[in-house]
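Trainee: This is target.tsv, which holds TSV, C-alpha atoms and all ligand atoms:
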chain	number	residue	atom	x	y	z
B	1	MET	CA	-40.64	89.95	190.40
B	2	ALA	CA	-43.90	91.63	189.44
B	3	LEU	CA	-44.96	95.17	188.75
B	4	LYS	CA	-48.16	95.40	190.72
B	5	LEU	CA	-50.88	98.02	191.08
B	6	GLU	CA	-53.26	97.64	193.96
B	7	ASN	CA	-56.44	99.68	194.30
B	8	VAL	CA	-54.94	102.66	192.55
B	9	SER	CA	-57.06	105.79	192.09
B	10	LYS	CA	-56.37	109.12	190.43
B	11	THR	CA	-58.62	112.17	190.10
B	12	TYR	CA	-57.72	115.25	188.06
B	13	THR	CA	-59.23	118.64	188.73
B	14	ARG	CA	-60.12	120.62	185.62
B	15	ASN	CA	-61.86	123.99	185.75
B	16	GLY	CA	-62.90	123.25	189.30
B	17	LEU	CA	-64.43	119.91	188.30
B	18	ASP	CA	-63.12	116.52	189.38
B	19	VAL	CA	-62.38	113.96	186.69
B	20	LEU	CA	-62.02	110.45	188.08
B	21	ALA	CA	-59.50	108.92	185.68
B	22	LEU	CA	-58.64	105.76	187.59
B	23	GLN	CA	-60.89	104.07	190.10
B	24	GLU	CA	-59.35	101.52	192.46
B	25	GLY	CA	-57.55	99.83	189.62
B	26	SER	CA	-55.56	96.66	190.18
B	27	CYS	CA	-53.27	94.93	187.74
B	28	SER	CA	-50.16	92.81	187.87
B	29	ILE	CA	-47.51	92.03	185.28
B	30	GLU	CA	-44.49	89.73	185.41
B	31	PRO	CA	-41.37	89.53	183.26
B	32	GLY	CA	-42.14	87.73	180.01
B	33	GLN	CA	-45.83	88.66	180.06
B	34	PHE	CA	-47.37	90.89	177.44
B	35	ILE	CA	-50.47	92.62	178.78
B	36	ALA	CA	-52.58	94.85	176.57
B	37	VAL	CA	-54.92	97.22	178.38
B	38	CYS	CA	-57.60	98.14	175.87
B	39	GLY	CA	-60.38	100.67	176.06
B	40	PRO	CA	-61.82	103.76	174.39
B	41	SER	CA	-60.24	107.19	174.39
B	42	GLY	CA	-60.55	108.93	177.75
B	43	CYS	CA	-61.06	105.75	179.80
B	44	GLY	CA	-57.83	106.32	181.76
B	45	LYS	CA	-55.21	104.28	179.88
B	46	SER	CA	-52.50	106.95	179.84
B	47	THR	CA	-53.19	107.71	183.49
B	48	LEU	CA	-52.76	104.02	184.30
B	49	LEU	CA	-49.49	103.85	182.38
B	50	GLN	CA	-48.02	106.95	184.03
B	51	VAL	CA	-49.00	105.77	187.49
B	52	SER	CA	-47.54	102.30	186.73
B	53	GLY	CA	-44.26	103.77	185.55
B	54	GLY	CA	-43.55	105.99	188.52
B	55	LEU	CA	-44.34	109.11	186.49
B	56	MET	CA	-47.41	110.22	188.43
B	57	ARG	CA	-48.29	109.57	192.04
B	58	PRO	CA	-51.78	108.12	192.51
B	59	ASP	CA	-54.15	109.65	195.06
B	60	ALA	CA	-54.64	106.24	196.67
B	61	GLY	CA	-53.36	102.70	196.33
B	62	THR	CA	-49.86	101.33	195.80
B	63	VAL	CA	-47.53	100.50	192.93
B	64	THR	CA	-44.84	97.99	193.79
B	65	LEU	CA	-41.96	96.49	191.88
B	66	ASP	CA	-40.45	93.47	193.61
B	67	ASP	CA	-42.43	94.49	196.70
B	68	GLN	CA	-40.81	97.93	196.74
B	69	ASP	CA	-43.46	100.68	196.90
B	70	ILE	CA	-42.14	102.99	194.18
B	71	TYR	CA	-43.93	106.07	195.49
B	72	ALA	CA	-42.36	105.55	198.93
B	73	LEU	CA	-38.97	106.35	197.32
B	74	SER	CA	-37.65	109.89	197.02
B	75	ALA	CA	-38.09	111.51	193.59
B	76	ASP	CA	-34.37	110.96	192.84
B	77	GLU	CA	-34.45	107.33	193.92
B	78	ARG	CA	-37.58	106.78	191.87
B	79	ALA	CA	-35.96	108.34	188.79
B	80	GLY	CA	-32.90	106.11	189.13
B	81	PHE	CA	-35.01	103.07	189.60
B	82	ARG	CA	-37.17	103.99	186.60
B	83	GLY	CA	-34.09	104.48	184.44
B	84	ALA	CA	-32.67	101.10	185.38
B	85	SER	CA	-35.82	98.96	185.42
B	86	LEU	CA	-38.33	100.48	183.01
B	87	GLY	CA	-38.41	101.50	179.36
B	88	PHE	CA	-41.09	103.76	177.87
B	89	VAL	CA	-42.53	104.08	174.38
B	90	PHE	CA	-45.05	106.80	173.54
B	91	GLN	CA	-47.35	107.63	170.64
B	92	GLN	CA	-45.39	110.83	169.89
B	93	PHE	CA	-41.96	109.10	169.95
B	94	HIS	CA	-40.36	111.92	172.01
B	95	LEU	CA	-37.04	111.83	170.18
B	96	VAL	CA	-34.66	114.79	170.16
B	97	PRO	CA	-34.95	115.96	166.52
B	98	TYR	CA	-31.44	117.38	166.17
B	99	LEU	CA	-29.65	114.36	167.67
B	100	ASN	CA	-28.82	111.40	165.49
B	101	VAL	CA	-30.33	107.96	165.95
B	102	LEU	CA	-27.49	106.57	168.08
B	103	GLU	CA	-27.43	109.69	170.27
B	104	ASN	CA	-31.19	109.42	170.79
B	105	VAL	CA	-30.85	105.79	171.87
B	106	LEU	CA	-27.97	106.65	174.22
B	107	VAL	CA	-30.05	109.31	175.96
B	108	ALA	CA	-31.45	106.43	178.03
B	109	SER	CA	-28.01	105.72	179.52
B	110	LEU	CA	-28.11	109.17	181.17
B	111	ALA	CA	-30.99	107.89	183.31
B	112	LEU	CA	-28.81	105.27	184.97
B	113	PRO	CA	-27.76	106.18	188.51
B	114	ALA	CA	-24.09	105.14	188.34
B	115	LYS	CA	-22.15	106.03	185.23
B	116	SER	CA	-18.67	104.77	184.59
B	117	PRO	CA	-16.73	105.27	181.34
B	118	ALA	CA	-16.87	101.49	180.83
B	119	SER	CA	-20.66	101.35	181.14
B	120	GLN	CA	-20.91	104.25	178.69
B	121	ARG	CA	-18.84	102.23	176.18
B	122	ASP	CA	-21.08	99.22	176.77
B	123	ALA	CA	-24.10	101.42	176.21
B	124	ARG	CA	-22.75	102.43	172.81
B	125	ASP	CA	-22.26	98.79	171.79
B	126	ARG	CA	-25.70	97.84	173.06
B	127	GLY	CA	-27.22	100.85	171.30
B	128	LEU	CA	-25.65	99.91	167.98
B	129	ALA	CA	-26.81	96.30	168.37
B	130	LEU	CA	-30.38	97.46	169.00
B	131	ILE	CA	-30.24	99.84	166.04
B	132	ASP	CA	-29.18	96.87	163.94
B	133	ARG	CA	-31.94	94.67	165.37
B	134	PHE	CA	-34.58	97.20	164.39
B	135	GLY	CA	-33.28	97.56	160.85
B	136	LEU	CA	-31.81	101.04	161.28
B	137	ARG	CA	-28.11	100.36	160.71
B	138	ASP	CA	-27.94	102.71	157.72
B	139	ARG	CA	-29.67	105.40	159.75
B	140	ALA	CA	-27.51	105.33	162.90
B	141	PHE	CA	-25.88	108.68	162.17
B	142	HIS	CA	-28.87	110.44	160.62
B	143	ARG	CA	-30.79	112.99	162.64
B	144	ALA	CA	-34.14	111.88	164.07
B	145	ALA	CA	-35.87	114.69	162.18
B	146	GLN	CA	-34.91	112.99	158.90
B	147	LEU	CA	-36.63	109.68	159.69
B	148	SER	CA	-40.06	108.33	158.78
B	149	THR	CA	-42.54	107.83	161.60
B	150	GLY	CA	-42.05	104.05	161.54
B	151	GLU	CA	-38.30	104.49	161.86
B	152	ARG	CA	-38.76	107.00	164.69
B	153	GLN	CA	-40.82	104.56	166.70
B	154	ARG	CA	-38.19	101.86	166.22
B	155	VAL	CA	-35.57	104.30	167.54
B	156	ALA	CA	-37.82	104.91	170.55
B	157	LEU	CA	-38.02	101.13	171.05
B	158	ALA	CA	-34.24	100.84	170.93
B	159	ARG	CA	-33.95	103.65	173.48
B	160	ALA	CA	-36.50	101.93	175.73
B	161	LEU	CA	-34.47	98.70	175.61
B	162	LEU	CA	-31.00	100.18	176.03
B	163	ASN	CA	-30.75	99.66	179.78
B	164	GLU	CA	-32.16	96.13	179.50
B	165	PRO	CA	-35.27	97.02	181.50
B	166	ARG	CA	-37.42	94.43	183.15
B	167	PHE	CA	-40.59	96.12	181.93
B	168	ILE	CA	-41.53	98.11	178.85
B	169	LEU	CA	-44.47	100.47	179.21
B	170	ALA	CA	-45.99	101.56	175.90
B	171	ASP	CA	-48.74	104.15	175.43
B	172	GLU	CA	-50.45	103.95	172.02
B	173	PRO	CA	-47.14	103.16	170.28
B	174	THR	CA	-48.97	102.42	167.01
B	175	GLY	CA	-51.17	105.54	167.16
B	176	ASN	CA	-49.16	107.55	164.64
B	177	LEU	CA	-48.11	104.70	162.37
B	178	ASP	CA	-49.51	103.17	159.21
B	179	GLU	CA	-50.70	99.59	159.29
B	180	ALA	CA	-47.45	97.89	158.33
B	181	ASN	CA	-45.29	99.92	160.72
B	182	GLY	CA	-47.83	99.50	163.51
B	183	GLU	CA	-47.78	95.75	163.09
B	184	GLU	CA	-44.00	95.75	163.08
B	185	VAL	CA	-43.90	97.61	166.40
B	186	LEU	CA	-46.38	95.15	167.93
B	187	ARG	CA	-44.24	92.25	166.68
B	188	HIS	CA	-41.14	93.79	168.26
B	189	LEU	CA	-42.99	94.22	171.57
B	190	ALA	CA	-44.09	90.58	171.44
B	191	GLU	CA	-40.49	89.55	170.79
B	192	CYS	CA	-39.37	91.56	173.84
B	193	ALA	CA	-41.86	89.61	175.94
B	194	GLU	CA	-40.62	86.30	174.49
B	195	GLN	CA	-37.12	87.31	175.56
B	196	GLY	CA	-38.28	87.88	179.12
B	197	THR	CA	-39.19	91.55	179.35
B	198	GLY	CA	-42.65	92.34	180.74
B	199	VAL	CA	-44.67	94.47	178.32
B	200	LEU	CA	-47.53	96.68	179.46
B	201	LEU	CA	-49.24	98.16	176.43
B	202	VAL	CA	-52.16	100.58	176.73
B	203	THR	CA	-54.00	101.16	173.49
B	204	HIS	CA	-57.27	101.32	171.62
B	205	ASP	CA	-55.60	99.41	168.74
B	206	ALA	CA	-57.61	96.19	168.38
B	207	ARG	CA	-54.60	94.39	166.82
B	208	ALA	CA	-52.94	94.44	170.26
B	209	ALA	CA	-55.24	91.61	171.32
B	210	GLU	CA	-53.66	89.38	168.66
B	211	VAL	CA	-50.12	89.70	170.02
B	212	ALA	CA	-50.64	90.12	173.78
B	213	SER	CA	-50.61	87.18	176.17
B	214	ARG	CA	-53.43	88.78	178.14
B	215	VAL	CA	-55.94	91.49	177.32
B	216	VAL	CA	-57.39	93.58	180.13
B	217	GLU	CA	-60.41	95.73	179.37
B	218	MET	CA	-60.63	99.22	180.75
B	219	GLU	CA	-63.74	101.37	180.85
B	220	ALA	CA	-64.40	104.76	182.44
B	221	GLY	CA	-61.49	104.55	184.89
B	222	SER	CA	-62.13	100.94	185.86
B	223	ILE	CA	-59.69	98.17	185.15
B	224	ARG	CA	-60.43	94.59	185.94
B	225	ASP	CA	-57.52	92.18	185.76
B	226	GLU	CA	-58.96	88.73	186.31
B	227	ALA	CA	-55.53	87.43	187.23
B	228	MET	CA	-55.68	89.49	190.42
B	229	PRO	CA	-57.69	87.86	193.20
B	230	TRP	CA	-59.28	91.20	194.15
B	231	GLY	CA	-59.87	92.01	190.47
B	232	VAL	CA	-62.64	89.45	190.16
B	233	ALA	CA	-66.12	90.85	190.56
T	1	LIG	N1	-53.78	116.46	183.22
T	1	LIG	C1	-55.11	116.27	183.20
T	1	LIG	N2	-55.95	117.18	183.76
T	1	LIG	C2	-57.29	116.99	183.75
T	1	LIG	N3	-57.90	115.92	183.21
T	1	LIG	C3	-57.12	114.99	182.64
T	1	LIG	C4	-55.70	115.11	182.60
T	1	LIG	N4	-55.19	114.03	181.96
T	1	LIG	C5	-56.25	113.26	181.64
T	1	LIG	N5	-57.41	113.83	182.04
T	1	LIG	C6	-58.77	113.26	181.90
T	1	LIG	O1	-58.78	111.99	182.57
T	1	LIG	C7	-59.50	111.03	181.82
T	1	LIG	C8	-58.58	109.88	181.45
T	1	LIG	O2	-57.57	110.36	180.56
T	1	LIG	P1	-56.43	109.44	179.94
T	1	LIG	O3	-55.78	108.69	181.04
T	1	LIG	O4	-55.58	110.31	179.11
T	1	LIG	O5	-57.28	108.43	179.04
T	1	LIG	P2	-56.87	107.62	177.71
T	1	LIG	O6	-55.40	107.51	177.68
T	1	LIG	O7	-57.58	106.31	177.84
T	1	LIG	O8	-57.41	108.40	176.55
T	1	LIG	C9	-60.07	111.77	180.61
T	1	LIG	O9	-61.38	112.20	180.94
T	1	LIG	C10	-59.14	112.96	180.46
T	1	LIG	O10	-59.80	114.04	179.85
T	2	MG	MG	-54.04	108.03	176.23
Could you rewrite the structure in this file as structure tokens?
Ligand SMILES: Nc1ncnc2c1ncn2[C@@H]1O[C@H](COP(=O)(O)OP(=O)(O)O)[C@@H](O)[C@H]1O
Ligand SMILES: [Mg+2]

Mentor:
Amino acid sequence: MALKLENVSKTYTRNGLDVLALQEGSCSIEPGQFIAVCGPSGCGKSTLLQVSGGLMRPDAGTVTLDDQDIYALSADERAGFRGASLGFVFQQFHLVPYLNVLENVLVASLALPAKSPASQRDARDRGLALIDRFGLRDRAFHRAAQLSTGERQRVALARALLNEPRFILADEPTGNLDEANGEEVLRHLAECAEQGTGVLLVTHDARAAEVASRVVEMEAGSIRDEAMPWGVA
């Protein structure tokens, strides 16, 4: 039941020059694990996260979830699979400013392949429960634009969890938050892992090492996950 990257590479072309962002990277994460991929700006963390989440096809290598090669699926199949199995959290929150908190959380239910009126009702109940869990009950019907940054990131967390994903992928989720709100988000991610969700966090936030079950260092496009047999030098 793992999300597994094997020998994944990605090169961007910018102004006619090649930028090698990911070089034969391998990494594996299972439900209940909390892996923090740490490294300096520009080392390829966001590239790794997008490739892992089915958002960007690598030039080489494979990404599998439960032995299914996610880039062998059609774009539609991959989108459905992403909506059902993965939740994303980003540095910039990516909320819809004119929708309220509950509506923002329920946006995730649109990503599910099969929608029945009953599952939509369930989604509303689950959304409200998550809003409660993240201390936003009084804010449920306020527009996202009216929230503080800490509150916005907790809405994004609730949205990521709505479909009960098996993995949460987070890209610098503390990057725009003050210390207290950043620590709160990391605590929530750790709690998700304790409850059985796999958490893949990419960040340069050193505090991630304190909450993650495993820290993987990344440098200049190289990732070495010692838990992978081919990741050992
Ligand atoms: N769309 C893109 N086009 C060209 N170069 C890119 C693009 N996205 C990222 N890069 C480059 O790839 C490298 C890795 O970027 P990124 O994955 O964003 O690293 P990080 O998230 O660790 O800061 C950097 O040199 C960056 O400038
Ligand atoms: Mg980045």

Trainee: Give me the residues near Leu99 (chain B) as a list in words, where near means some atom within 12 Å (using only C-alpha atoms) and where sequence neighbours in that chain fewer than 5 positions away do not count.

Mentor: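 Close residues of Leu99 (chain B): His94, Asn104, Val105, Leu106, Val107, Arg139, Ala140, Phe141, His142, Arg143, Ala144, Ala145, Gln146, Leu147 and Val155 of chain B.
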
Trainee: Check every protein, DNA and RNA residue against ligand LIG 1 (chain T), keep those with an atom at most 6 Å away (counting only C-alpha atoms and all ligand atoms), and present them as number ranges by chain.

Mentor: B: 12-14, 19, 21, 41-47

Trainee: Against ligand MG 2 (chain T), which residues of chain B fall within 12 Å? For each one I want the closest pair of atoms and the distance in Å (one decimal), counting all atoms listed in the file, rows by chain and increasing residue number, as a Markdown table.

Mentor:
| residue | atom | partner | partner_atom | distance |
| --- | --- | --- | --- | --- |
| B:Ala21 | CA | T:MG2 | MG | 11.0 |
| B:Val37 | CA | T:MG2 | MG | 11.1 |
| B:Cys38 | CA | T:MG2 | MG | 10.5 |
| B:Gly39 | CA | T:MG2 | MG | 9.7 |
| B:Pro40 | CA | T:MG2 | MG | 9.1 |
| B:Ser41 | CA | T:MG2 | MG | 6.5 |
| B:Gly42 | CA | T:MG2 | MG | 6.7 |
| B:Cys43 | CA | T:MG2 | MG | 8.2 |
| B:Gly44 | CA | T:MG2 | MG | 6.9 |
| B:Lys45 | CA | T:MG2 | MG | 5.4 |
| B:Ser46 | CA | T:MG2 | MG | 4.1 |
| B:Thr47 | CA | T:MG2 | MG | 7.3 |
| B:Leu48 | CA | T:MG2 | MG | 9.1 |
| B:Leu49 | CA | T:MG2 | MG | 8.7 |
| B:Gln50 | CA | T:MG2 | MG | 9.9 |
| B:Phe90 | CA | T:MG2 | MG | 9.5 |
| B:Gln91 | CA | T:MG2 | MG | 8.7 |
| B:Gln92 | CA | T:MG2 | MG | 11.1 |
| B:Ala170 | CA | T:MG2 | MG | 10.3 |
| B:Asp171 | CA | T:MG2 | MG | 6.6 |
| B:Glu172 | CA | T:MG2 | MG | 6.9 |
| B:Pro173 | CA | T:MG2 | MG | 10.3 |
| B:Thr174 | CA | T:MG2 | MG | 11.9 |
| B:Gly175 | CA | T:MG2 | MG | 9.8 |
| B:Leu201 | CA | T:MG2 | MG | 11.0 |
| B:Val202 | CA | T:MG2 | MG | 7.7 |
| B:Thr203 | CA | T:MG2 | MG | 7.4 |
| B:His204 | CA | T:MG2 | MG | 8.8 |
| B:Asp205 | CA | T:MG2 | MG | 11.5 |
| B:Met218 | CA | T:MG2 | MG | 11.9 |
| B:Gly221 | CA | T:MG2 | MG | 11.9 |

Trainee: Any idea what's packed within 6 Å of region 77-82 of chain B, counting only C-alpha atoms, ignoring anything in its chain fewer than 3 positions away? Could you give it as a PyMOL selection string?

Mentor: chain B and resi 73-74+85-86+112-113

Trainee: Near Gly198 (chain B), counting only C-alpha atoms, which residues have an atom at most 10 Å away, once you skip same-chain residues fewer than 5 positions from it, shown as a compact mmCIF listing (two decimals) with C-alpha atoms, in the frame of the given file?

Mentor:
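Result file result_24.txt:
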# COMPACT_ATOMS: atom_id res chain seq x y z
CA ALA B 2 -43.90 91.63 189.44
CA LEU B 3 -44.96 95.17 188.75
CA ILE B 29 -47.51 92.03 185.28
CA GLU B 30 -44.49 89.73 185.41
CA PRO B 31 -41.37 89.53 183.26
CA GLY B 32 -42.14 87.73 180.01
CA GLN B 33 -45.83 88.66 180.06
CA PHE B 34 -47.37 90.89 177.44
CA ILE B 35 -50.47 92.62 178.78
CA LEU B 86 -38.33 100.48 183.01
CA PRO B 165 -35.27 97.02 181.50
CA ARG B 166 -37.42 94.43 183.15
CA PHE B 167 -40.59 96.12 181.93
CA ILE B 168 -41.53 98.11 178.85
CA LEU B 169 -44.47 100.47 179.21
CA LEU B 189 -42.99 94.22 171.57
CA ALA B 190 -44.09 90.58 171.44
CA CYS B 192 -39.37 91.56 173.84
CA ALA B 193 -41.86 89.61 175.94

Trainee: Using all atoms listed in the file, which of B:Glu179, B:Glu151, B:Asp59, B:Glu103 sits nearest Tyr71 (chain B)?

Mentor: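 Between B:Glu179, B:Glu151, B:Asp59, B:Glu103, the residue approaching Tyr71 (chain B) most closely is B:Asp59.
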
Trainee: Suppose you want the space between CA of Arg224 (chain B) and CA of Gly87 (chain B); what is it in Å?

Mentor: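 Going from CA of Arg224 (chain B) over to CA of Gly87 (chain B), I get 24.0 Å.
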
Trainee: Nearest to Leu22 (chain B): which of B:Ala84, B:Ala220, B:Met56, B:Leu177 is it, counting only C-alpha atoms?

Mentor: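 Closest residue, counting only C-alpha atoms: B:Ala220.
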
Trainee: Quote the spacing between CA of Asp225 (chain B) and CA of Cys27 (chain B) in Å to one decimal place.

Mentor: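 These two atoms are separated by 5.4 Å.
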
Trainee: So which residues touch Glu210 (chain B) within 10 Å, counting all atoms listed in the file, skipping near sequence neighbours fewer than 4 positions away, as an MDAnalysis selection string?

Mentor: chainID B and resid 36 186 206 214:215

Trainee: In Å, with one decimal, what is the gap from CA of Asn100 (chain B) to CA of Ala158 (chain B)?

Mentor: 13.1 Å

Trainee: Please rebuild region 147-162 of chain B with N, CA and C atoms and return the result as a PDB file, in the coordinates of the input.

Mentor:
ATOM      1  N   LEU B 147     -36.090 111.043 159.792  1.00  0.00           N
ATOM      2  CA  LEU B 147     -36.630 109.680 159.690  1.00  0.00           C
ATOM      3  C   LEU B 147     -38.134 109.669 159.438  1.00  0.00           C
ATOM      4  N   SER B 148     -38.611 108.548 158.903  1.00  0.00           N
ATOM      5  CA  SER B 148     -40.060 108.330 158.780  1.00  0.00           C
ATOM      6  C   SER B 148     -40.626 108.032 160.171  1.00  0.00           C
ATOM      7  N   THR B 149     -41.946 108.082 160.279  1.00  0.00           N
ATOM      8  CA  THR B 149     -42.540 107.830 161.600  1.00  0.00           C
ATOM      9  C   THR B 149     -42.272 106.398 162.069  1.00  0.00           C
ATOM     10  N   GLY B 150     -42.323 105.446 161.157  1.00  0.00           N
ATOM     11  CA  GLY B 150     -42.050 104.050 161.540  1.00  0.00           C
ATOM     12  C   GLY B 150     -40.640 103.900 162.083  1.00  0.00           C
ATOM     13  N   GLU B 151     -39.689 104.546 161.394  1.00  0.00           N
ATOM     14  CA  GLU B 151     -38.300 104.490 161.860  1.00  0.00           C
ATOM     15  C   GLU B 151     -38.157 105.174 163.223  1.00  0.00           C
ATOM     16  N   ARG B 152     -38.846 106.286 163.394  1.00  0.00           N
ATOM     17  CA  ARG B 152     -38.760 107.000 164.690  1.00  0.00           C
ATOM     18  C   ARG B 152     -39.230 106.118 165.835  1.00  0.00           C
ATOM     19  N   GLN B 153     -40.321 105.385 165.599  1.00  0.00           N
ATOM     20  CA  GLN B 153     -40.820 104.560 166.700  1.00  0.00           C
ATOM     21  C   GLN B 153     -39.861 103.403 166.975  1.00  0.00           C
ATOM     22  N   ARG B 154     -39.157 102.932 165.970  1.00  0.00           N
ATOM     23  CA  ARG B 154     -38.190 101.860 166.220  1.00  0.00           C
ATOM     24  C   ARG B 154     -36.968 102.411 166.986  1.00  0.00           C
ATOM     25  N   VAL B 155     -36.630 103.669 166.744  1.00  0.00           N
ATOM     26  CA  VAL B 155     -35.570 104.300 167.540  1.00  0.00           C
ATOM     27  C   VAL B 155     -36.028 104.402 169.004  1.00  0.00           C
ATOM     28  N   ALA B 156     -37.288 104.793 169.184  1.00  0.00           N
ATOM     29  CA  ALA B 156     -37.820 104.910 170.550  1.00  0.00           C
ATOM     30  C   ALA B 156     -37.810 103.537 171.244  1.00  0.00           C
ATOM     31  N   LEU B 157     -38.081 102.486 170.486  1.00  0.00           N
ATOM     32  CA  LEU B 157     -38.020 101.130 171.050  1.00  0.00           C
ATOM     33  C   LEU B 157     -36.592 100.782 171.476  1.00  0.00           C
ATOM     34  N   ALA B 158     -35.645 101.113 170.612  1.00  0.00           N
ATOM     35  CA  ALA B 158     -34.240 100.840 170.930  1.00  0.00           C
ATOM     36  C   ALA B 158     -33.824 101.600 172.189  1.00  0.00           C
ATOM     37  N   ARG B 159     -34.256 102.851 172.290  1.00  0.00           N
ATOM     38  CA  ARG B 159     -33.950 103.650 173.480  1.00  0.00           C
ATOM     39  C   ARG B 159     -34.576 103.019 174.722  1.00  0.00           C
ATOM     40  N   ALA B 160     -35.814 102.541 174.581  1.00  0.00           N
ATOM     41  CA  ALA B 160     -36.500 101.930 175.730  1.00  0.00           C
ATOM     42  C   ALA B 160     -35.781 100.662 176.201  1.00  0.00           C
ATOM     43  N   LEU B 161     -35.113  99.977 175.268  1.00  0.00           N
ATOM     44  CA  LEU B 161     -34.470  98.700 175.610  1.00  0.00           C
ATOM     45  C   LEU B 161     -33.013  98.835 176.019  1.00  0.00           C
ATOM     46  N   LEU B 162     -32.444 100.016 175.839  1.00  0.00           N
ATOM     47  CA  LEU B 162     -31.000 100.180 176.030  1.00  0.00           C
ATOM     48  C   LEU B 162     -30.505  99.680 177.381  1.00  0.00           C
TER      49      LEU B 162
END
